[in-house]
>>> print(open('protein.json').read())   # JSON, C-alpha atoms
[["chain", "number", "residue", "atom", "x", "y", "z"],
["T", 20, "MET", "CA", -35.31, 94.07, 76.21],
["T", 21, "GLN", "CA", -34.07, 90.52, 76.63],
["T", 22, "ALA", "CA", -34.09, 89.66, 72.92],
["T", 23, "ALA", "CA", -30.56, 88.25, 72.95],
["T", 24, "ALA", "CA", -30.80, 86.32, 76.23],
["T", 25, "SER", "CA", -31.01, 82.84, 74.68],
["T", 26, "ALA", "CA", -28.81, 83.51, 71.65],
["T", 27, "PRO", "CA", -25.97, 81.03, 71.14],
["T", 28, "PRO", "CA", -22.46, 82.50, 71.49],
["T", 29, "VAL", "CA", -21.54, 82.70, 67.81],
["T", 30, "LEU", "CA", -19.76, 86.02, 67.30],
["T", 31, "PRO", "CA", -17.74, 88.41, 69.49],
["T", 32, "GLU", "CA", -19.41, 91.38, 71.14],
["T", 33, "ARG", "CA", -20.60, 93.99, 68.64],
["T", 34, "SER", "CA", -17.75, 96.33, 69.59],
["T", 35, "ASP", "CA", -15.20, 93.60, 68.81],
["T", 36, "CYS", "CA", -16.53, 92.76, 65.34],
["T", 37, "CYS", "CA", -14.87, 94.03, 62.17],
["T", 38, "TYR", "CA", -16.93, 97.10, 61.20],
["T", 39, "THR", "CA", -16.72, 99.97, 58.75],
["T", 40, "SER", "CA", -19.56, 102.49, 58.58],
["T", 41, "CYS", "CA", -21.54, 102.42, 55.30],
["T", 42, "TYR", "CA", -19.96, 99.15, 54.14],
["T", 43, "CYS", "CA", -22.62, 96.78, 55.50],
["T", 44, "GLU", "CA", -22.07, 94.17, 52.77],
["T", 45, "GLU", "CA", -18.41, 93.84, 53.72],
["T", 46, "ASN", "CA", -19.22, 93.88, 57.44],
["T", 47, "VAL", "CA", -21.50, 90.88, 56.96],
["T", 48, "TRP", "CA", -18.91, 89.16, 54.73],
["T", 49, "LYS", "CA", -16.43, 89.55, 57.60],
["T", 50, "LEU", "CA", -18.96, 88.09, 60.06],
["T", 51, "CYS", "CA", -19.36, 85.08, 57.76],
["T", 52, "GLU", "CA", -15.59, 84.77, 57.49],
["T", 53, "TYR", "CA", -15.30, 84.75, 61.29],
["T", 54, "ILE", "CA", -17.95, 82.03, 61.60],
["T", 55, "ARG", "CA", -16.17, 79.92, 58.98],
["T", 56, "ASP", "CA", -12.73, 80.33, 60.52],
["T", 57, "GLU", "CA", -13.28, 80.83, 64.25],
["T", 58, "SER", "CA", -16.74, 79.63, 65.29],
["T", 59, "ARG", "CA", -17.84, 76.11, 66.18],
["T", 60, "HIS", "CA", -21.25, 76.75, 64.62],
["T", 61, "PRO", "CA", -21.95, 75.27, 61.18],
["T", 62, "LEU", "CA", -21.71, 77.87, 58.43],
["T", 63, "GLU", "CA", -24.75, 76.37, 56.67],
["T", 64, "GLU", "CA", -26.97, 77.79, 59.45],
["T", 65, "PHE", "CA", -26.21, 81.36, 58.34],
["T", 66, "TYR", "CA", -27.41, 83.62, 55.52],
["T", 67, "ALA", "CA", -26.36, 87.01, 54.25],
["T", 68, "VAL", "CA", -29.58, 88.99, 53.78],
["T", 69, "PHE", "CA", -29.66, 91.91, 51.32],
["T", 70, "LEU", "CA", -32.61, 94.27, 51.72],
["T", 71, "SER", "CA", -33.58, 96.59, 48.88],
["T", 72, "ASN", "CA", -36.23, 97.06, 46.19],
["T", 73, "GLU", "CA", -36.57, 98.16, 42.58],
["T", 74, "GLU", "CA", -36.43, 101.84, 43.58],
["T", 75, "LYS", "CA", -33.36, 101.38, 45.80],
["T", 76, "MET", "CA", -35.21, 103.12, 48.65],
["T", 77, "ILE", "CA", -36.10, 101.16, 51.78],
["T", 78, "PRO", "CA", -37.04, 102.34, 55.28],
["T", 79, "ILE", "CA", -35.43, 100.61, 58.27],
["T", 80, "TRP", "CA", -36.11, 101.63, 61.86],
["T", 81, "LYS", "CA", -33.90, 101.34, 64.95],
["T", 82, "GLN", "CA", -30.74, 102.24, 63.06],
["T", 83, "GLN", "CA", -27.90, 104.00, 64.87],
["T", 84, "SER", "CA", -27.93, 106.79, 62.29],
["T", 85, "GLY", "CA", -31.67, 107.36, 62.74],
["T", 86, "LYS", "CA", -33.32, 110.16, 64.71],
["T", 87, "ARG", "CA", -35.92, 109.44, 67.36],
["T", 88, "ASP", "CA", -38.35, 106.90, 65.91],
["T", 89, "ASP", "CA", -37.86, 107.93, 62.29],
["T", 90, "PRO", "CA", -36.65, 105.31, 59.82],
["T", 91, "VAL", "CA", -33.44, 105.60, 57.87],
["T", 92, "ILE", "CA", -33.96, 105.36, 54.10],
["T", 93, "TRP", "CA", -31.20, 103.16, 52.67],
["T", 94, "ASP", "CA", -30.64, 102.20, 49.04],
["T", 95, "TYR", "CA", -29.85, 98.78, 50.47],
["T", 96, "HIS", "CA", -28.84, 97.19, 53.74],
["T", 97, "VAL", "CA", -27.24, 93.86, 54.67],
["T", 98, "ILE", "CA", -27.75, 91.79, 57.80],
["T", 99, "LEU", "CA", -26.88, 88.26, 58.92],
["T", 100, "LEU", "CA", -29.54, 85.62, 59.66],
["T", 101, "HIS", "CA", -28.86, 82.62, 61.89],
["T", 102, "VAL", "CA", -31.34, 79.76, 61.49],
["T", 103, "CYS", "CA", -30.45, 77.60, 64.50],
["T", 104, "SER", "CA", -30.83, 73.83, 64.32],
["T", 105, "GLY", "CA", -33.14, 74.07, 67.35],
["T", 106, "GLY", "CA", -35.57, 76.30, 65.46],
["T", 107, "GLN", "CA", -34.66, 79.73, 66.84],
["T", 108, "ARG", "CA", -33.74, 82.51, 64.40],
["T", 109, "PHE", "CA", -31.52, 85.49, 65.16],
["T", 110, "ILE", "CA", -30.56, 88.62, 63.23],
["T", 111, "TYR", "CA", -27.12, 90.21, 63.48],
["T", 112, "ASP", "CA", -27.13, 93.87, 62.39],
["T", 113, "LEU", "CA", -24.06, 95.93, 63.25],
["T", 114, "ASP", "CA", -25.96, 99.17, 62.50],
["T", 115, "THR", "CA", -28.98, 98.66, 64.73],
["T", 116, "VAL", "CA", -29.67, 99.93, 68.25],
["T", 117, "LEU", "CA", -31.44, 96.62, 68.94],
["T", 118, "PRO", "CA", -29.54, 93.77, 70.65],
["T", 119, "PHE", "CA", -26.73, 91.98, 68.83],
["T", 120, "PRO", "CA", -27.96, 89.40, 68.03],
["T", 121, "CYS", "CA", -31.69, 90.07, 68.06],
["T", 122, "VAL", "CA", -34.46, 87.47, 67.92],
["T", 123, "SER", "CA", -35.77, 87.58, 64.35],
["T", 124, "ASP", "CA", -39.36, 88.28, 65.42],
["T", 125, "VAL", "CA", -38.24, 91.30, 67.44],
["T", 126, "TYR", "CA", -36.04, 92.61, 64.63],
["T", 127, "ILE", "CA", -38.85, 92.23, 62.08],
["T", 128, "LYS", "CA", -41.35, 93.95, 64.39],
["T", 129, "GLU", "CA", -39.07, 96.80, 65.52],
["T", 130, "ALA", "CA", -36.71, 97.42, 62.58],
["T", 131, "LEU", "CA", -38.67, 96.33, 59.51],
["T", 132, "ARG", "CA", -42.25, 96.70, 60.71],
["T", 133, "SER", "CA", -45.28, 96.08, 58.53],
["T", 134, "GLU", "CA", -45.69, 97.04, 54.88],
["T", 135, "ARG", "CA", -49.28, 98.06, 55.66],
["T", 136, "ASN", "CA", -48.62, 101.79, 55.96],
["T", 137, "ILE", "CA", -45.62, 101.99, 53.65],
["T", 138, "PRO", "CA", -45.95, 103.40, 50.10],
["T", 139, "LYS", "CA", -45.67, 100.75, 47.41],
["T", 140, "ASP", "CA", -42.37, 102.09, 46.07],
["T", 141, "LEU", "CA", -40.77, 101.75, 49.53],
["T", 142, "ARG", "CA", -41.79, 98.14, 50.21],
["T", 143, "ARG", "CA", -38.91, 95.84, 51.04],
["T", 144, "LYS", "CA", -37.61, 92.69, 49.43],
["T", 145, "LEU", "CA", -34.90, 90.45, 50.81],
["T", 146, "ARG", "CA", -32.31, 88.33, 49.01],
["T", 147, "LEU", "CA", -31.05, 85.45, 51.14],
["T", 148, "VAL", "CA", -27.67, 84.00, 50.19],
["T", 149, "ARG", "CA", -26.16, 81.10, 52.09],
["T", 150, "ALA", "CA", -23.08, 82.26, 54.00],
["T", 151, "ASP", "CA", -20.78, 79.73, 52.32],
["T", 152, "GLU", "CA", -21.98, 80.84, 48.88],
["T", 153, "PHE", "CA", -21.63, 84.50, 49.85],
["T", 154, "LEU", "CA", -18.01, 83.98, 50.90],
["T", 155, "LYS", "CA", -17.20, 82.22, 47.63],
["T", 156, "THR", "CA", -18.98, 84.55, 45.21],
["T", 157, "PHE", "CA", -19.16, 88.13, 46.55],
["T", 158, "ALA", "CA", -16.77, 90.76, 45.17],
["T", 159, "SER", "CA", -16.53, 94.52, 45.57],
["T", 160, "ASP", "CA", -13.97, 97.01, 44.30],
["T", 161, "ARG", "CA", -15.81, 99.70, 46.34],
["T", 162, "SER", "CA", -16.31, 101.86, 43.25],
["T", 163, "HIS", "CA", -19.91, 102.53, 44.35],
["T", 164, "MET", "CA", -18.47, 104.48, 47.28],
["T", 165, "LYS", "CA", -16.60, 107.01, 45.14],
["T", 166, "ASP", "CA", -17.97, 110.30, 43.85],
["T", 167, "PRO", "CA", -17.52, 111.63, 40.29],
["T", 168, "ASP", "CA", -14.15, 113.09, 41.33],
["T", 169, "ASN", "CA", -12.99, 109.63, 42.42],
["T", 170, "LYS", "CA", -13.02, 110.65, 46.09],
["T", 171, "TRP", "CA", -14.41, 108.41, 48.81],
["T", 172, "LYS", "CA", -17.93, 109.23, 49.99],
["T", 173, "GLN", "CA", -17.04, 107.38, 53.21],
["T", 174, "PRO", "CA", -13.61, 106.04, 54.26],
["T", 175, "PRO", "CA", -13.17, 102.43, 53.09],
["T", 176, "PRO", "CA", -12.12, 99.45, 55.23],
["T", 177, "ALA", "CA", -8.40, 99.13, 55.89],
["T", 178, "TYR", "CA", -8.17, 95.60, 54.48],
["T", 179, "GLN", "CA", -7.91, 94.80, 50.77],
["T", 180, "CYS", "CA", -10.98, 94.68, 48.53],
["T", 181, "ILE", "CA", -12.88, 91.39, 48.50],
["T", 182, "HIS", "CA", -12.69, 89.63, 45.14],
["T", 183, "THR", "CA", -12.99, 86.21, 43.54],
["T", 184, "ALA", "CA", -11.16, 84.57, 40.64],
["T", 185, "GLU", "CA", -14.13, 85.47, 38.42],
["T", 186, "SER", "CA", -15.00, 88.97, 39.57],
["T", 187, "SER", "CA", -13.74, 92.14, 41.22],
["T", 188, "MET", "CA", -17.20, 93.75, 41.43],
["T", 189, "ASN", "CA", -20.60, 92.05, 41.47],
["T", 190, "LEU", "CA", -22.35, 93.94, 44.29],
["T", 191, "ASP", "CA", -25.23, 94.92, 41.98],
["T", 192, "ASP", "CA", -26.13, 91.24, 41.52],
["T", 193, "PHE", "CA", -26.68, 90.93, 45.27],
["T", 194, "ILE", "CA", -28.56, 94.23, 45.65],
["T", 195, "SER", "CA", -30.85, 93.40, 42.72],
["T", 196, "MET", "CA", -34.22, 92.05, 43.78],
["T", 197, "ASP", "CA", -34.77, 90.38, 40.40],
["T", 198, "PRO", "CA", -34.98, 86.64, 41.25],
["T", 199, "GLN", "CA", -33.47, 85.83, 37.84],
["T", 200, "VAL", "CA", -30.27, 87.68, 38.74],
["T", 201, "GLY", "CA", -27.46, 86.75, 41.09],
["T", 202, "TYR", "CA", -27.38, 84.27, 43.96],
["T", 203, "GLY", "CA", -29.77, 83.02, 46.60],
["T", 204, "THR", "CA", -33.53, 83.46, 46.90],
["T", 205, "VAL", "CA", -35.58, 86.69, 46.83],
["T", 206, "TYR", "CA", -38.53, 87.11, 49.23],
["T", 207, "ALA", "CA", -41.13, 89.80, 49.75],
["T", 208, "LEU", "CA", -41.09, 90.96, 53.38],
["T", 209, "GLU", "CA", -44.33, 89.13, 54.17],
["T", 210, "GLU", "CA", -42.90, 85.87, 52.76],
["T", 211, "PHE", "CA", -39.68, 86.34, 54.72],
["T", 212, "THR", "CA", -41.64, 86.99, 57.93],
["T", 213, "LYS", "CA", -43.71, 83.82, 57.55],
["T", 214, "ARG", "CA", -40.66, 81.69, 56.72],
["T", 215, "PHE", "CA", -38.13, 83.01, 59.22],
["T", 216, "SER", "CA", -40.08, 84.04, 62.29],
["T", 217, "THR", "CA", -39.12, 81.81, 65.20],
["T", 218, "PRO", "CA", -41.61, 78.91, 65.48],
["T", 219, "VAL", "CA", -43.78, 79.00, 68.58]]
>>> encode(input="protein.json", output="structure tokens")
Amino acid sequence: MQAAASAPPVLPERSDCCYTSCYCEENVWKLCEYIRDESRHPLEEFYAVFLSNEEKMIPIWKQQSGKRDDPVIWDYHVILLHVCSGGQRFIYDLDTVLPFPCVSDVYIKEALRSERNIPKDLRRKLRLVRADEFLKTFASDRSHMKDPDNKWKQPPPAYQCIHTAESSMNLDDFISMDPQVGYGTVYALEEFTKRFSTPV
């Protein structure tokens, strides 16, 4: 698959990116931080994309933790969208087996697929937050990754928790698919596909 052949050189190779398993929101925050601090590409071309729904159960295919062609059911997932000035759109997903980056049309077709055969309670919504806004507003104390005994469900990143002057934990505002809550714009998958597929 040549899905990344014409992608602009924005980020390091996948293996060189800051990554912690099961902390996708922080992984994408770190990608945004890299673009702001190290890349020559304008930050305003990038969006953090939170995928979830009211039931907190969404299927995503082509994930590294998946088996064969079965989807992984996440409560939420976070990816990075690059809307290039030339019209091309690319998705960066550190958890996919697809190319890094992947042309948005290919990612939508292979990883998200159609809602046509998906039960209503599993249909996906996407909250798009501009990368600059994400960097300024997102905060997580990682409490959602601790069990009732205060033990980590998965080892946390080695760096300090991300916080702002106003908040130490607002992850739920980003995961929520209520358009009246939080930052950015919420789309149904069909709306997102129409808006962010690469123009022909």
>>> residues_around(input="protein.json", residues="Glu52 of chain T", least_positions_apart="2", cutoff="10 Å", atoms="only C-alpha atoms", output="PyMOL selection string")
chain T and resi 46-50+54-58+62+150-151+153-154
>>> residues_around(input="protein.json", residues="Val97 of chain T", least_positions_apart="2", cutoff="7 Å", atoms="all atoms listed in the file", output="PDB file with C-alpha atoms, in the frame of the given file")
ATOM      1  CA  CYS T  43     -22.620  96.780  55.500  1.00  0.00           C
ATOM      2  CA  GLU T  44     -22.070  94.170  52.770  1.00  0.00           C
ATOM      3  CA  VAL T  47     -21.500  90.880  56.960  1.00  0.00           C
ATOM      4  CA  ALA T  67     -26.360  87.010  54.250  1.00  0.00           C
ATOM      5  CA  VAL T  68     -29.580  88.990  53.780  1.00  0.00           C
ATOM      6  CA  PHE T  69     -29.660  91.910  51.320  1.00  0.00           C
ATOM      7  CA  LEU T  70     -32.610  94.270  51.720  1.00  0.00           C
ATOM      8  CA  TYR T  95     -29.850  98.780  50.470  1.00  0.00           C
TER       9      TYR T  95
END
>>> residues_around(input="protein.json", residues="Ser159 of chain T", least_positions_apart="6", cutoff="10 Å", atoms="only C-alpha atoms", output="list in words")
Glu44, Glu45, Cys180, Ile181, His182, Thr183, Ser186, Ser187, Met188, Asn189, Leu190 and Asp191 of chain T
>>> atom_distance(input="protein.json", atom1="atom CA of Ile77 of chain T", atom2="atom CA of Arg142 of chain T")
6.6 Å
>>> atom_distance(input="protein.json", atom1="atom CA of Met164 of chain T", atom2="atom CA of Asn72 of chain T")
19.3 Å
>>> closest_residue(input="protein.json", among="T:Leu100, T:Val116, T:Gln107, T:Tyr42", to="Asp160 of chain T", atoms="all atoms listed in the file")
T:Tyr42
>>> closest_residue(input="protein.json", among="T:Asp197, T:Asp192, T:Glu152, T:Glu63", to="Ser104 of chain T", atoms="only C-alpha atoms")
T:Glu63
>>> closest_residue(input="protein.json", among="T:Glu185, T:Ile127, T:Val200, T:Leu113", to="Ile98 of chain T", atoms="all atoms listed in the file")
T:Leu113
>>> atom_distance(input="protein.json", atom1="atom CA of Leu208 of chain T", atom2="atom CA of Arg146 of chain T")
10.2 Å
>>> residues_around(input="protein.json", residues="Cys121 of chain T", least_positions_apart="2", cutoff="7 Å", atoms="all atoms listed in the file", output="list in words")
Ala22, Ala23, Phe109, Ile110, Tyr111, Leu117, Pro118, Phe119, Ser123, Val125 and Tyr126 of chain T
>>> closest_residue(input="protein.json", among="T:Asp124, T:Asp166, T:Asp114, T:Glu210", to="Ile79 of chain T", atoms="all atoms listed in the file")
T:Asp114
>>> closest_residue(input="protein.json", among="T:Ala158, T:Ala184, T:Leu141, T:Cys41", to="Ser71 of chain T", atoms="all atoms listed in the file")
T:Leu141
>>> decode(input="protein.json", residues="segment 167-190 of chain T", atoms="N, CA and C atoms", output="JSON list (two decimals), in the first residue's frame")
[["chain", "number", "residue", "atom", "x", "y", "z"],
["T", 167, "PRO", "N", -9.62, 0.55, 41.24],
["T", 167, "PRO", "CA", -10.12, 0.94, 42.56],
["T", 167, "PRO", "C", -9.08, 0.87, 43.68],
["T", 168, "ASP", "N", -8.02, 0.09, 43.47],
["T", 168, "ASP", "CA", -6.94, 0.00, 44.47],
["T", 168, "ASP", "C", -5.83, 1.02, 44.22],
["T", 169, "ASN", "N", -6.10, 1.95, 43.30],
["T", 169, "ASN", "CA", -5.15, 3.01, 42.97],
["T", 169, "ASN", "C", -3.89, 2.48, 42.27],
["T", 170, "LYS", "N", -4.02, 1.32, 41.63],
["T", 170, "LYS", "CA", -2.91, 0.76, 40.86],
["T", 170, "LYS", "C", -3.12, 1.04, 39.37],
["T", 171, "TRP", "N", -2.02, 1.19, 38.65],
["T", 171, "TRP", "CA", -2.12, 1.50, 37.23],
["T", 171, "TRP", "C", -2.68, 0.32, 36.44],
["T", 172, "LYS", "N", -3.65, 0.58, 35.59],
["T", 172, "LYS", "CA", -4.13, -0.45, 34.66],
["T", 172, "LYS", "C", -3.09, -0.71, 33.58],
["T", 173, "GLN", "N", -2.41, 0.36, 33.17],
["T", 173, "GLN", "CA", -1.30, 0.28, 32.22],
["T", 173, "GLN", "C", -0.24, 1.28, 32.67],
["T", 174, "PRO", "N", 1.05, 0.95, 32.53],
["T", 174, "PRO", "CA", 2.10, 1.87, 32.98],
["T", 174, "PRO", "C", 1.96, 3.25, 32.31],
["T", 175, "PRO", "N", 2.09, 4.32, 33.09],
["T", 175, "PRO", "CA", 1.91, 5.67, 32.54],
["T", 175, "PRO", "C", 3.17, 6.15, 31.83],
["T", 176, "PRO", "N", 3.06, 7.24, 31.05],
["T", 176, "PRO", "CA", 4.26, 7.84, 30.45],
["T", 176, "PRO", "C", 5.25, 8.27, 31.52],
["T", 177, "ALA", "N", 6.51, 8.36, 31.13],
["T", 177, "ALA", "CA", 7.56, 8.72, 32.08],
["T", 177, "ALA", "C", 7.58, 10.21, 32.40],
["T", 178, "TYR", "N", 7.06, 11.03, 31.48],
["T", 178, "TYR", "CA", 7.06, 12.47, 31.71],
["T", 178, "TYR", "C", 5.91, 12.88, 32.64],
["T", 179, "GLN", "N", 5.95, 14.10, 33.14],
["T", 179, "GLN", "CA", 4.95, 14.60, 34.07],
["T", 179, "GLN", "C", 3.58, 14.70, 33.41],
["T", 180, "CYS", "N", 2.53, 14.66, 34.23],
["T", 180, "CYS", "CA", 1.17, 14.81, 33.72],
["T", 180, "CYS", "C", 1.01, 16.15, 33.01],
["T", 181, "ILE", "N", 0.18, 16.16, 31.99],
["T", 181, "ILE", "CA", -0.11, 17.38, 31.24],
["T", 181, "ILE", "C", -1.20, 18.15, 31.98],
["T", 182, "HIS", "N", -0.98, 19.42, 32.22],
["T", 182, "HIS", "CA", -1.99, 20.23, 32.92],
["T", 182, "HIS", "C", -1.95, 21.66, 32.41],
["T", 183, "THR", "N", -2.97, 22.41, 32.74],
["T", 183, "THR", "CA", -3.04, 23.83, 32.41],
["T", 183, "THR", "C", -3.19, 24.61, 33.71],
["T", 184, "ALA", "N", -3.17, 25.93, 33.61],
["T", 184, "ALA", "CA", -3.36, 26.77, 34.79],
["T", 184, "ALA", "C", -4.76, 26.58, 35.37],
["T", 185, "GLU", "N", -5.72, 26.21, 34.50],
["T", 185, "GLU", "CA", -7.11, 26.08, 34.92],
["T", 185, "GLU", "C", -7.51, 24.68, 35.33],
["T", 186, "SER", "N", -6.79, 23.67, 34.88],
["T", 186, "SER", "CA", -7.27, 22.30, 35.08],
["T", 186, "SER", "C", -6.12, 21.30, 35.18],
["T", 187, "SER", "N", -6.36, 20.26, 35.99],
["T", 187, "SER", "CA", -5.44, 19.12, 36.03],
["T", 187, "SER", "C", -6.07, 17.89, 35.37],
["T", 188, "MET", "N", -7.40, 17.95, 35.11],
["T", 188, "MET", "CA", -8.08, 16.81, 34.49],
["T", 188, "MET", "C", -9.36, 17.26, 33.80],
["T", 189, "ASN", "N", -9.34, 17.25, 32.48],
["T", 189, "ASN", "CA", -10.56, 17.57, 31.72],
["T", 189, "ASN", "C", -10.75, 16.62, 30.54],
["T", 190, "LEU", "N", -10.17, 15.43, 30.62],
["T", 190, "LEU", "CA", -10.24, 14.46, 29.54],
["T", 190, "LEU", "C", -11.69, 14.16, 29.14]]
